[in-house]
Every structure is written in C-alpha cells, then in structure tokens.
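Engineer: Right, I'll just put the structure down here and ask away after.
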Amino acid sequence: MAGKLAYYLLIIPVSYLPLPVLYFLTDIFYLLLITIIPYRRSVVRGNLERSFPEKTKKERRKIERSFYRYLTDLLAESTKNLTISKKNLQKRFTLANPELMESIYVRSENVLLVSGHYNNWEFFLTAQDLLFKHKAVGVGKPLSNPFWDKKINTRRERFGMQVIHRKNFDTRFHKLITDKQPFATLLLVDQSTADSLKSFWTTFLNQPTAVIYGPEMLAVKHNFPVVFFHTEKVSRGKYKIHLQLVTEAPRTTNWGEITNMHVKMMENVIRENPSRWLWSHKRWKREIPQNLELLKDTQRQKFNALKDSFNA
C-alpha cells in the first residue's frame, strides 16, 4: 500500500515537473550525498580502488564526486522518464552512426544490442523503438515488488519497447521470431550475475569477473549479429548513441570471443569517462568457482556442440 501511495501521490506528480526543476532538487540531494548521506560510499570507494589501482587517492576521490553528481542527474532523468513526452524524449538523442543498424535492418536480420549501465539507460530503454527501425525488445530481471515492476515496465513500453522477463523469455522470444518483423533485443550485461556457476569468467577492470553468458549463446543459436552501444553525454539530459559491431557472423566465432569483445568495449568506455558508470552497485560479489577450469571446459563443449549442430 505504501508503495502505491508513493507512486501515485509523489513519484508521478514530481515526474511532471520540468527537468530543470528536477535537476535543482537533485542538486540539493547531491550536496547531501557528498556531505551528510554517504550513499554506499564504502562500495563506491572499494570498486574504484580495485578498478583503478594505478590512480592516486586524490584522482579516485575526484571520480567519486563526479559519480555522485552523475547519480543525482540520473535520478532526475529517470523520474522524468516516467512521464516524458515522445517529442521531448526524441530531442534528447542523436545517433552517431545509424548506418550500422540500418544495414542490418535492410537484410531483415534481428540483432542483439549489448551494453551496460552507463549514462542514462532508462531514457534509452524508453526511446529505443523511436531510434531504430527494428522493433525494440528488452530483456531484464523482474523487480522484487510486483506493483513497481508492472508500473515501471508499462512506462518503459509506452513508445513501442517490449519488455521480456527471463521467466517467460522462451515463449515470447519464439513468438517474436515467428512474427518475421526484425527486432533488436537489448541486453545490459555489466551487472553482477545471479549464479557464478552459470557465468562466463573473464577479467574486467583489473578483476576476475562473472559476466552474463546468455547473449553469446543466444547470438550463436539464432545467428544474430551483435552490436555494442554506449551513450555519450552531450549536455545535461542530452545524449549521443555510438554503435560498434561485435560480430555479423556469430557462428564463425570461438567460445568466449563475443563475450570478451563486448566486455572489453564496455571497459574502454568506462576508462574513458569512469564517473558515468554505476559504481554504487556491488558488481564483484560473486566468488570465483573452485572448479573454474571444469566450468570453462563445459561451456566450451556446449558452445562447440551448438555450432556443430548448424554445420552438420
């Protein structure tokens, strides 16, 4: 009940405020975060220290302060995203190289879009169907609160995005394929995985890291091209989308190649401007499996068996 009251009486009314007013409110919140309310400061500092051991303490503290500024802007924009108009949202994005997605669409191919929680992913989720000719599909984990999960995803879907939860993924994905309309599936793959034994283990920001392995197998199974993208902040509330091809032919790749490529692309983006990644998330909470080499061998065998099934 409290969640419903907060949604209808506070969050939605506040979201109708102009974005400059929301920025003013979150500017005050930013001052509180760096003085009185140290939101997850130990998590942020630990993540930065392990990720950038080559930087001085002063350099990491500068990134930390810039991160909290970004985080409060993200709060303002995510709140506005709930009620922002289509016209207003479209004005907030430009595409640096739209020809990459257009060339895939011309071939009537579906595509996997992979990225991370960098800059404003909420604006992008809501706007994806407006930016590309491909039908927009997003795959995510349901929120723990069913009411908030339904409301947030309904808002995300109002301009054409279709959100698929993992629990009903197979059924809804099969329907998308049989509908024959080219679609682009968005996967944000930089957060902590649910199970270390079902993850792909690699090195990311100087640390052994469990990465979601599903996109690679999905690409090979359906022979979908894989495109990495990231959002560049142009000005407050406005972004430019950059696209990078990971592979056009996933069935010609080796085990781990796709995953390592998009992980490295994400790392390069973060290193270029580290303050705009979600450092407050407990990214490295999974322990390295004791039987890691066996896990890798098993994954490699399954990957090769899947590829071989298409060459038989």
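Labels used: A, B, ... for chains in the order of the structure tokens, numbers from 1 for residues in each chain, and numbers from 1 for ligands as shown.
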Near A:Leu5, within 12 Å and counting only C-alpha atoms, which residues show up once chain neighbours fewer than 6 positions away are dropped, as a count of residues only?
Structural biologist: 5
Engineer: As JSON, numbers by chain, which residues of stretch 14-112 of chain A does DSSP assign to alpha helix (DSSP H)?
Structural biologist: {"A": [14, 15, 19, 20, 21, 22, 23, 24, 25, 26, 27, 28, 29, 30, 31, 32, 33, 41, 42, 43, 44, 45, 46, 47, 48, 49, 50, 51, 57, 58, 59, 60, 61, 62, 63, 64, 65, 66, 67, 68, 69, 70, 71, 72, 73, 74, 75, 76, 77, 78, 79, 80, 81, 86, 87, 88, 89, 90, 99, 100, 101, 102, 103, 104, 105, 106]}
Engineer: Could you state the separation of atom CA of A:Lys167 and atom CA of A:Thr253 in Å, given to one decimal place?
Structural biologist: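 Atom CA of A:Thr253 lies at a distance of 28.3 Å from atom CA of A:Lys167.
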Engineer: Residues within 6 Å of stretch 191-206 of chain A, please, as a ChimeraX atom specification. Count only C-alpha atoms; anything in the same chain fewer than 5 positions from it doesn't count.
Structural biologist: /A:51,211-213,283
